[in-house]
Amino acid sequence: MQDDAQSPSWRPPSLDALLRSASGADLVAIFGRQASAACLRDAIQAARTAGGSDDAALLGDAALRLAKRRALSIKPVFNLTGAVLHTNLGRAPLADTAISAMQQASGFVNLEYDLAKGRRGERDSHITEWLTTLTGAEAGLVVNNNAAAVMAVLNTLSRGKEAIISRGELVEIGGAFRMPEVMVRAGVKLREVGATNRTHLKDYEDAITDKTAMIVRVRPSNYAITGFTSSVPEKELAALAKANDVIFYDELGAGALVDFRQWGLPYERTVQEALSDGADIVSFSGDKLLGGPQAGMIVGRADLIKRVAKNPLKRALRLDKATLAALAATLQLYDDPDSVAEQLPSIRLLARKVDDIRQTANRMADALRPLVAQWAVQVEGCASQIGSGALPVDMLPSAAVTMTVPEAIMRGRGRRLDRLAAAFRALPQPVIGRIAEDRFWLDCRCLEDEAGFIAQLGELQVP
Ligand SMILES: *Cc1c(COP(=O)(O)O)cnc(C)c1O
């Protein structure tokens, strides 16, 4: 830097002059006058604090600020965390057909318009038939997410009355969604029964009074109680509810529509099973095992669904057109259960065989070795999780590329690992792994775009 640029008496050039210069005019052409002026002002301010700058540097700084200001904050990442349905990383990746359905639904569409009759139609009509066809339910509707579904069901069918729930199911589902608190907000009086590890039919029986509106079963999806445990089978709860003329609500959470055991995955109760076991009403997520967009499905008895649909909350919790379109396209894939594992990325990734993952990991390790020369790069076995609290105990055998801190580093190994993880996150399409056992792990289960992964590695700033 020149001496005069650093003098305390530095006088910045005029904003107008900068905007009129050749590079300034380029910025205005790309970003517009207002934003360009704002970023130039910020650049000048920063230069003033630093003691001065020249015109080219000011314009360069402004260009960087403008690019940063216009970069989309939400962008694709490589999810190599090992959790397939990672809530922080957007849960289920959508199927191609769901993505194009969203695009198609982005302009004017027949969202609430009956084309045959030429008048107002039903927003949920685009998916209710799929829901009933696929699950065997009498009726169904959809809201913003499953938390909203729980809220709508409880508030509609149990407000001012009691809902009976086992103490083993008073779960917190992450992010301030605690069943007991949700019930209070829904205007429902919680009637806890049983103990954390064991609840018997008699506990439910004894709790039923004329104030009881429903018995609730919540799938304890994100944890498991093992050992000396006992819970009442859904069929028995359904029979008890029926005999006492109260509602049996099965809150499934994950919401599988197919038997996951066919792909060697752990058993997860399906919506169809919940209904055939006698649930009057069932709720589940759209973006967990179903593999669609964020949504909450409610299916069950037509009279109950009708009541939920009339609750003003339903209007507050409704889906937008793009999400509805993606959901309909996702549900449609289940019309051919034989091809759903190929068409639906979430199931495809969950069902991916460890040998195949290991081959990917080997190729990635070969690509990484020359770039992170001092780090020990290996391919190691690991265990992926389904994520989103689904099937928390069962882990899926997988393979990862691991990078171990260079041998020579004795102190600050943890910090060095953090910096490596940060360098991967700083790539144009950020790569998200995890740190464990003194190593940085990239679980390759969810790595399908190998070429895209390798193409950007040249930009990796290895610490
Ligand atoms: C995940 C989950 C929810 C919340 O569903 P969202 O779709 O994330 O709102 C509610 N209940 C159970 C049992 C769950 O597993």
# chains A, B, ... in the order shown; residues from 1 in each chain; ligands from 1
call {"tool": "closest_atom_pairs", "arguments": {"of": "chain A", "to": "ligand 1", "cutoff": "7 Å", "atoms": "only C-alpha atoms and all ligand atoms", "output": "Markdown table"}}
result
| residue | atom | partner | partner_atom_place_in_ligand_line | distance |
| --- | --- | --- | --- | --- |
| A:Asn145 | CA | ligand 1 | 7 (O) | 4.2 |
| A:Asn146 | CA | ligand 1 | 7 (O) | 3.7 |
| A:Ala147 | CA | ligand 1 | 9 (O) | 3.7 |
| A:Ala148 | CA | ligand 1 | 9 (O) | 6.4 |
| A:Ile173 | CA | ligand 1 | 2 (C) | 5.8 |
| A:Val218 | CA | ligand 1 | 13 (C) | 5.6 |
| A:Arg219 | CA | ligand 1 | 13 (C) | 4.9 |
| A:Pro220 | CA | ligand 1 | 13 (C) | 5.9 |
| A:Ser221 | CA | ligand 1 | 15 (O) | 4.9 |
| A:Asn222 | CA | ligand 1 | 15 (O) | 6.6 |
| A:Glu251 | CA | ligand 1 | 13 (C) | 6.0 |
| A:Leu252 | CA | ligand 1 | 13 (C) | 5.4 |
| A:Gly253 | CA | ligand 1 | 12 (C) | 3.5 |
| A:Ala254 | CA | ligand 1 | 15 (O) | 5.2 |
| A:Phe284 | CA | ligand 1 | 5 (O) | 6.9 |
| A:Ser285 | CA | ligand 1 | 7 (O) | 4.2 |
| A:Gly286 | CA | ligand 1 | 7 (O) | 6.5 |
| A:Asp287 | CA | ligand 1 | 7 (O) | 6.7 |
| A:Gln294 | CA | ligand 1 | 7 (O) | 6.4 |
| A:Ala295 | CA | ligand 1 | 7 (O) | 6.1 |
| A:Gly296 | CA | ligand 1 | 7 (O) | 5.7 |
| A:Ser388 | CA | ligand 1 | 1 (C) | 6.3 |
| A:Gly389 | CA | ligand 1 | 15 (O) | 6.0 |
| A:Ala390 | CA | ligand 1 | 15 (O) | 6.5 |
call {"tool": "select_by_dssp", "arguments": {"residues": "range 207-256 of chain A", "states": "helix (DSSP H, G or I)", "output": "tab-separated table (two decimals) with N, CA, C and O atoms, in the first residue's frame"}}
result
chain	number	residue	atom	x	y	z
A	207	ALA	N	-58.17	-45.24	34.13
A	207	ALA	CA	-58.11	-43.78	33.92
A	207	ALA	C	-59.31	-43.25	33.13
A	207	ALA	O	-59.54	-42.04	33.07
A	234	GLU	N	-51.26	-51.98	20.39
A	234	GLU	CA	-52.24	-51.03	19.84
A	234	GLU	C	-53.62	-51.65	19.71
A	234	GLU	O	-54.63	-50.99	19.93
A	235	LYS	N	-53.66	-52.93	19.30
A	235	LYS	CA	-54.97	-53.59	19.10
A	235	LYS	C	-55.80	-53.56	20.38
A	235	LYS	O	-57.01	-53.34	20.35
A	236	GLU	N	-55.12	-53.79	21.52
A	236	GLU	CA	-55.84	-53.80	22.80
A	236	GLU	C	-56.30	-52.41	23.20
A	236	GLU	O	-57.38	-52.23	23.74
A	237	LEU	N	-55.46	-51.42	22.90
A	237	LEU	CA	-55.85	-50.04	23.20
A	237	LEU	C	-57.05	-49.63	22.35
A	237	LEU	O	-57.97	-48.96	22.82
A	238	ALA	N	-57.02	-50.08	21.08
A	238	ALA	CA	-58.12	-49.75	20.17
A	238	ALA	C	-59.42	-50.38	20.67
A	238	ALA	O	-60.47	-49.72	20.67
A	239	ALA	N	-59.34	-51.62	21.13
A	239	ALA	CA	-60.54	-52.31	21.62
A	239	ALA	C	-61.08	-51.63	22.87
A	239	ALA	O	-62.29	-51.44	23.03
A	240	LEU	N	-60.17	-51.25	23.75
A	240	LEU	CA	-60.56	-50.57	24.99
A	240	LEU	C	-61.25	-49.24	24.67
A	240	LEU	O	-62.29	-48.90	25.26
A	241	ALA	N	-60.65	-48.51	23.73
A	241	ALA	CA	-61.23	-47.21	23.35
A	241	ALA	C	-62.64	-47.41	22.78
A	241	ALA	O	-63.58	-46.71	23.15
A	242	LYS	N	-62.77	-48.39	21.93
A	242	LYS	CA	-64.05	-48.65	21.27
A	242	LYS	C	-65.12	-49.01	22.31
A	242	LYS	O	-66.23	-48.48	22.28
A	243	ALA	N	-64.75	-49.89	23.23
A	243	ALA	CA	-65.70	-50.34	24.25
A	243	ALA	C	-66.18	-49.18	25.12
A	243	ALA	O	-67.28	-49.22	25.67
call {"tool": "closest_residue", "arguments": {"among": "A:Gly140, A:Ala309, A:Val377, A:Ala98", "to": "Leu324 in chain A", "atoms": "only C-alpha atoms"}}
result
A:Ala98
call {"tool": "residues_around", "arguments": {"residues": "Gly187 in chain A", "least_positions_apart": "4", "cutoff": "10 Å", "atoms": "only C-alpha atoms", "output": "ChimeraX atom specification"}}
result
/A:151,154-156,158-162,181-183
call {"tool": "write_last_selection", "arguments": {"atoms": "N, CA and C atoms", "output": "CSV table (one decimal), in the first residue's frame"}}
result
chain,number,residue,atom,x,y,z
A,151,MET,N,-51.1,-31.1,16.9
A,151,MET,CA,-51.8,-29.9,17.5
A,151,MET,C,-53.3,-29.9,17.0
A,154,LEU,N,-55.3,-33.0,18.5
A,154,LEU,CA,-55.6,-32.9,19.9
A,154,LEU,C,-56.6,-31.8,20.1
A,155,ASN,N,-56.4,-30.6,19.5
A,155,ASN,CA,-57.2,-29.5,19.7
A,155,ASN,C,-58.7,-29.7,19.2
A,156,THR,N,-58.8,-30.4,18.1
A,156,THR,CA,-60.1,-30.6,17.6
A,156,THR,C,-60.9,-31.7,18.4
A,158,SER,N,-60.1,-33.2,21.4
A,158,SER,CA,-59.9,-33.5,22.8
A,158,SER,C,-60.0,-32.2,23.6
A,159,ARG,N,-60.2,-31.0,23.0
A,159,ARG,CA,-60.1,-29.8,23.7
A,159,ARG,C,-61.1,-29.7,24.9
A,160,GLY,N,-60.6,-29.3,26.0
A,160,GLY,CA,-61.5,-29.2,27.2
A,160,GLY,C,-61.8,-30.6,27.9
A,161,LYS,N,-61.2,-31.6,27.3
A,161,LYS,CA,-61.4,-33.0,27.8
A,161,LYS,C,-60.0,-33.6,28.1
A,162,GLU,N,-60.1,-34.9,28.5
A,162,GLU,CA,-58.8,-35.5,28.9
A,162,GLU,C,-58.3,-36.5,27.8
A,181,GLU,N,-46.4,-30.5,26.9
A,181,GLU,CA,-46.6,-29.0,26.6
A,181,GLU,C,-47.5,-28.8,25.4
A,182,VAL,N,-47.3,-29.6,24.4
A,182,VAL,CA,-48.2,-29.5,23.2
A,182,VAL,C,-49.7,-29.7,23.6
A,183,MET,N,-49.9,-30.7,24.5
A,183,MET,CA,-51.2,-31.1,24.9
A,183,MET,C,-51.9,-29.9,25.7
call {"tool": "closest_residue", "arguments": {"among": "A:Ile347, A:Leu59, A:Val340, A:Val431", "to": "Leu85 in chain A", "atoms": "only C-alpha atoms"}}
result
A:Ile347
call {"tool": "residues_around", "arguments": {"residues": "range 408-422 of chain A", "least_positions_apart": "2", "cutoff": "8 Å", "atoms": "only C-alpha atoms", "output": "VMD selection string"}}
result
chain A and resid 405 to 406 424 to 426 432 to 435 438 to 440 462 to 463
call {"tool": "write_last_selection", "arguments": {"atoms": "N, CA, C and O atoms", "output": "PDB file, in the first residue's frame"}}
result
ATOM      1  N   VAL A 405      -5.522 -36.708  12.174  1.00  0.00           N
ATOM      2  CA  VAL A 405      -4.582 -35.585  12.337  1.00  0.00           C
ATOM      3  C   VAL A 405      -3.158 -36.069  12.063  1.00  0.00           C
ATOM      4  O   VAL A 405      -2.780 -37.155  12.506  1.00  0.00           O
ATOM      5  N   PRO A 406      -2.365 -35.259  11.322  1.00  0.00           N
ATOM      6  CA  PRO A 406      -0.986 -35.668  11.052  1.00  0.00           C
ATOM      7  C   PRO A 406      -0.258 -36.080  12.324  1.00  0.00           C
ATOM      8  O   PRO A 406      -0.386 -35.419  13.349  1.00  0.00           O
ATOM      9  N   PHE A 424     -13.822 -28.150   4.800  1.00  0.00           N
ATOM     10  CA  PHE A 424     -14.785 -28.881   3.964  1.00  0.00           C
ATOM     11  C   PHE A 424     -16.124 -28.133   3.886  1.00  0.00           C
ATOM     12  O   PHE A 424     -16.777 -28.113   2.856  1.00  0.00           O
ATOM     13  N   ARG A 425     -16.486 -27.494   4.993  1.00  0.00           N
ATOM     14  CA  ARG A 425     -17.747 -26.731   4.991  1.00  0.00           C
ATOM     15  C   ARG A 425     -17.633 -25.465   4.151  1.00  0.00           C
ATOM     16  O   ARG A 425     -18.644 -24.915   3.737  1.00  0.00           O
ATOM     17  N   ALA A 426     -16.395 -25.001   3.918  1.00  0.00           N
ATOM     18  CA  ALA A 426     -16.200 -23.755   3.172  1.00  0.00           C
ATOM     19  C   ALA A 426     -16.169 -23.986   1.660  1.00  0.00           C
ATOM     20  O   ALA A 426     -16.053 -23.031   0.894  1.00  0.00           O
ATOM     21  N   ILE A 432     -20.452 -31.709   4.707  1.00  0.00           N
ATOM     22  CA  ILE A 432     -20.666 -31.799   6.154  1.00  0.00           C
ATOM     23  C   ILE A 432     -20.351 -33.216   6.614  1.00  0.00           C
ATOM     24  O   ILE A 432     -20.997 -34.173   6.184  1.00  0.00           O
ATOM     25  N   GLY A 433     -19.315 -33.331   7.452  1.00  0.00           N
ATOM     26  CA  GLY A 433     -18.977 -34.630   8.023  1.00  0.00           C
ATOM     27  C   GLY A 433     -19.127 -34.575   9.524  1.00  0.00           C
ATOM     28  O   GLY A 433     -19.887 -33.766  10.051  1.00  0.00           O
ATOM     29  N   ARG A 434     -18.412 -35.458  10.222  1.00  0.00           N
ATOM     30  CA  ARG A 434     -18.450 -35.357  11.690  1.00  0.00           C
ATOM     31  C   ARG A 434     -17.098 -35.746  12.269  1.00  0.00           C
ATOM     32  O   ARG A 434     -16.308 -36.449  11.628  1.00  0.00           O
ATOM     33  N   ILE A 435     -16.848 -35.249  13.476  1.00  0.00           N
ATOM     34  CA  ILE A 435     -15.582 -35.520  14.154  1.00  0.00           C
ATOM     35  C   ILE A 435     -15.836 -36.518  15.272  1.00  0.00           C
ATOM     36  O   ILE A 435     -16.768 -36.354  16.054  1.00  0.00           O
ATOM     37  N   ASP A 438     -10.797 -38.686  17.291  1.00  0.00           N
ATOM     38  CA  ASP A 438      -9.599 -38.055  16.740  1.00  0.00           C
ATOM     39  C   ASP A 438      -9.537 -38.060  15.213  1.00  0.00           C
ATOM     40  O   ASP A 438      -8.466 -37.932  14.625  1.00  0.00           O
ATOM     41  N   ARG A 439     -10.673 -38.279  14.588  1.00  0.00           N
ATOM     42  CA  ARG A 439     -10.671 -38.320  13.129  1.00  0.00           C
ATOM     43  C   ARG A 439     -11.850 -37.514  12.569  1.00  0.00           C
ATOM     44  O   ARG A 439     -12.853 -37.322  13.247  1.00  0.00           O
ATOM     45  N   PHE A 440     -11.710 -37.110  11.311  1.00  0.00           N
ATOM     46  CA  PHE A 440     -12.806 -36.471  10.596  1.00  0.00           C
ATOM     47  C   PHE A 440     -13.433 -37.527   9.696  1.00  0.00           C
ATOM     48  O   PHE A 440     -12.742 -38.143   8.875  1.00  0.00           O
ATOM     49  N   VAL A 462      -6.595 -26.885   2.896  1.00  0.00           N
ATOM     50  CA  VAL A 462      -6.225 -27.831   3.958  1.00  0.00           C
ATOM     51  C   VAL A 462      -5.441 -27.116   5.053  1.00  0.00           C
ATOM     52  O   VAL A 462      -4.461 -26.436   4.769  1.00  0.00           O
ATOM     53  N   PRO A 463      -5.856 -27.274   6.314  1.00  0.00           N
ATOM     54  CA  PRO A 463      -5.135 -26.607   7.400  1.00  0.00           C
ATOM     55  C   PRO A 463      -3.816 -27.317   7.710  1.00  0.00           C
ATOM     56  O   PRO A 463      -3.717 -28.517   7.535  1.00  0.00           O
TER      57      PRO A 463
END
call {"tool": "closest_residue", "arguments": {"among": "A:Gly292, A:Pro337, A:Gly194, A:Gly387", "to": "Gln262 in chain A", "atoms": "only C-alpha atoms"}}
result
A:Pro337
call {"tool": "atom_distance", "arguments": {"atom1": "CA of Ala67 in chain A", "atom2": "CA of Phe31 in chain A"}}
result
8.8 Å
call {"tool": "residues_around", "arguments": {"residues": "Gln343 in chain A", "least_positions_apart": "3", "cutoff": "12 Å", "atoms": "only C-alpha atoms", "output": "tab-separated table (two decimals) with N, CA, C and O atoms, in the first residue's frame"}}
result
chain	number	residue	atom	x	y	z
A	93	PRO	N	-34.28	-35.86	0.85
A	93	PRO	CA	-34.06	-35.26	-0.48
A	93	PRO	C	-35.22	-35.68	-1.38
A	93	PRO	O	-35.63	-36.84	-1.35
A	94	LEU	N	-35.74	-34.75	-2.17
A	94	LEU	CA	-36.94	-35.06	-2.95
A	94	LEU	C	-36.64	-35.86	-4.20
A	94	LEU	O	-35.55	-35.77	-4.78
A	95	ALA	N	-37.63	-36.63	-4.64
A	95	ALA	CA	-37.54	-37.37	-5.89
A	95	ALA	C	-37.59	-36.39	-7.06
A	95	ALA	O	-38.17	-35.30	-6.94
A	96	ASP	N	-37.01	-36.79	-8.19
A	96	ASP	CA	-37.03	-35.93	-9.38
A	96	ASP	C	-38.45	-35.52	-9.75
A	96	ASP	O	-38.70	-34.37	-10.12
A	97	THR	N	-39.37	-36.48	-9.68
A	97	THR	CA	-40.75	-36.15	-10.06
A	97	THR	C	-41.36	-35.13	-9.11
A	97	THR	O	-42.17	-34.29	-9.52
A	98	ALA	N	-40.96	-35.19	-7.84
A	98	ALA	CA	-41.48	-34.23	-6.87
A	98	ALA	C	-40.92	-32.83	-7.16
A	98	ALA	O	-41.63	-31.83	-7.04
A	291	GLY	N	-40.33	-39.77	2.79
A	291	GLY	CA	-39.40	-39.29	1.76
A	291	GLY	C	-39.88	-38.12	0.94
A	291	GLY	O	-39.40	-37.88	-0.18
A	292	GLY	N	-40.83	-37.35	1.46
A	292	GLY	CA	-41.37	-36.22	0.70
A	292	GLY	C	-41.00	-34.89	1.33
A	292	GLY	O	-40.05	-34.80	2.10
A	329	ALA	N	-46.74	-35.88	-5.82
A	329	ALA	CA	-45.82	-36.63	-6.68
A	329	ALA	C	-45.08	-37.70	-5.89
A	329	ALA	O	-44.80	-38.79	-6.42
A	330	THR	N	-44.77	-37.42	-4.64
A	330	THR	CA	-44.08	-38.41	-3.80
A	330	THR	C	-45.01	-39.58	-3.49
A	330	THR	O	-44.62	-40.74	-3.61
A	331	LEU	N	-46.24	-39.26	-3.10
A	331	LEU	CA	-47.20	-40.33	-2.78
A	331	LEU	C	-47.43	-41.21	-4.00
A	331	LEU	O	-47.55	-42.44	-3.88
A	332	GLN	N	-47.47	-40.58	-5.17
A	332	GLN	CA	-47.70	-41.32	-6.40
A	332	GLN	C	-46.65	-42.41	-6.62
A	332	GLN	O	-46.94	-43.46	-7.19
A	333	LEU	N	-45.42	-42.17	-6.16
A	333	LEU	CA	-44.36	-43.16	-6.34
A	333	LEU	C	-44.67	-44.47	-5.60
A	333	LEU	O	-44.21	-45.54	-5.99
A	334	TYR	N	-45.48	-44.36	-4.53
A	334	TYR	CA	-45.84	-45.57	-3.77
A	334	TYR	C	-46.90	-46.40	-4.49
A	334	TYR	O	-47.23	-47.49	-4.04
A	335	ASP	N	-47.42	-45.87	-5.59
A	335	ASP	CA	-48.38	-46.62	-6.38
A	335	ASP	C	-47.70	-47.84	-7.00
A	335	ASP	O	-48.35	-48.83	-7.33
A	336	ASP	N	-46.38	-47.75	-7.18
A	336	ASP	CA	-45.61	-48.90	-7.65
A	336	ASP	C	-44.55	-49.23	-6.59
A	336	ASP	O	-43.41	-48.78	-6.68
A	337	PRO	N	-44.94	-49.99	-5.57
A	337	PRO	CA	-44.02	-50.26	-4.46
A	337	PRO	C	-42.72	-50.93	-4.92
A	337	PRO	O	-41.69	-50.80	-4.26
A	338	ASP	N	-42.76	-51.63	-6.08
A	338	ASP	CA	-41.56	-52.33	-6.53
A	338	ASP	C	-40.46	-51.38	-6.98
A	338	ASP	O	-39.29	-51.73	-6.98
A	339	SER	N	-40.85	-50.18	-7.41
A	339	SER	CA	-39.82	-49.26	-7.92
A	339	SER	C	-39.55	-48.10	-6.97
A	339	SER	O	-38.72	-47.24	-7.25
A	340	VAL	N	-40.26	-48.09	-5.84
A	340	VAL	CA	-40.16	-46.92	-4.96
A	340	VAL	C	-38.74	-46.74	-4.42
A	340	VAL	O	-38.26	-45.61	-4.24
A	346	SER	N	-34.61	-41.03	-0.54
A	346	SER	CA	-34.43	-41.38	0.88
A	346	SER	C	-34.37	-42.90	1.06
A	346	SER	O	-33.49	-43.41	1.75
A	347	ILE	N	-35.27	-43.62	0.42
A	347	ILE	CA	-35.25	-45.08	0.57
A	347	ILE	C	-34.04	-45.67	-0.15
A	347	ILE	O	-33.38	-46.57	0.34
A	348	ARG	N	-33.72	-45.10	-1.32
A	348	ARG	CA	-32.55	-45.58	-2.07
A	348	ARG	C	-31.30	-45.49	-1.20
A	348	ARG	O	-30.49	-46.42	-1.14
A	349	LEU	N	-31.14	-44.37	-0.51
A	349	LEU	CA	-29.94	-44.17	0.32
A	349	LEU	C	-29.97	-45.04	1.57
A	349	LEU	O	-28.96	-45.60	1.98
call {"tool": "closest_residue", "arguments": {"among": "A:Ile247, A:Leu66, A:Ala57, A:Arg261", "to": "Arg33 in chain A", "atoms": "only C-alpha atoms"}}
result
A:Leu66
call {"tool": "select_by_dssp", "arguments": {"residues": "range 337-416 of chain A", "states": "strand (DSSP E or B)", "output": "ChimeraX atom specification"}}
result
/A:376-385,387,390,396-404
call {"tool": "closest_residue", "arguments": {"among": "A:Leu317, A:Leu89, A:Val84, A:Tyr249", "to": "Arg352 in chain A", "atoms": "only C-alpha atoms"}}
result
A:Val84
call {"tool": "closest_residue", "arguments": {"among": "A:Asn144, A:Ser9, A:Thr199, A:Thr402", "to": "Ser53 in chain A", "atoms": "only C-alpha atoms"}}
result
A:Ser9
call {"tool": "residues_around", "arguments": {"residues": "Arg369 in chain A", "least_positions_apart": "2", "cutoff": "12 Å", "atoms": "only C-alpha atoms", "output": "PyMOL selection string"}}
result
chain A and resi 361-367+371-379+401-404+454+457+462
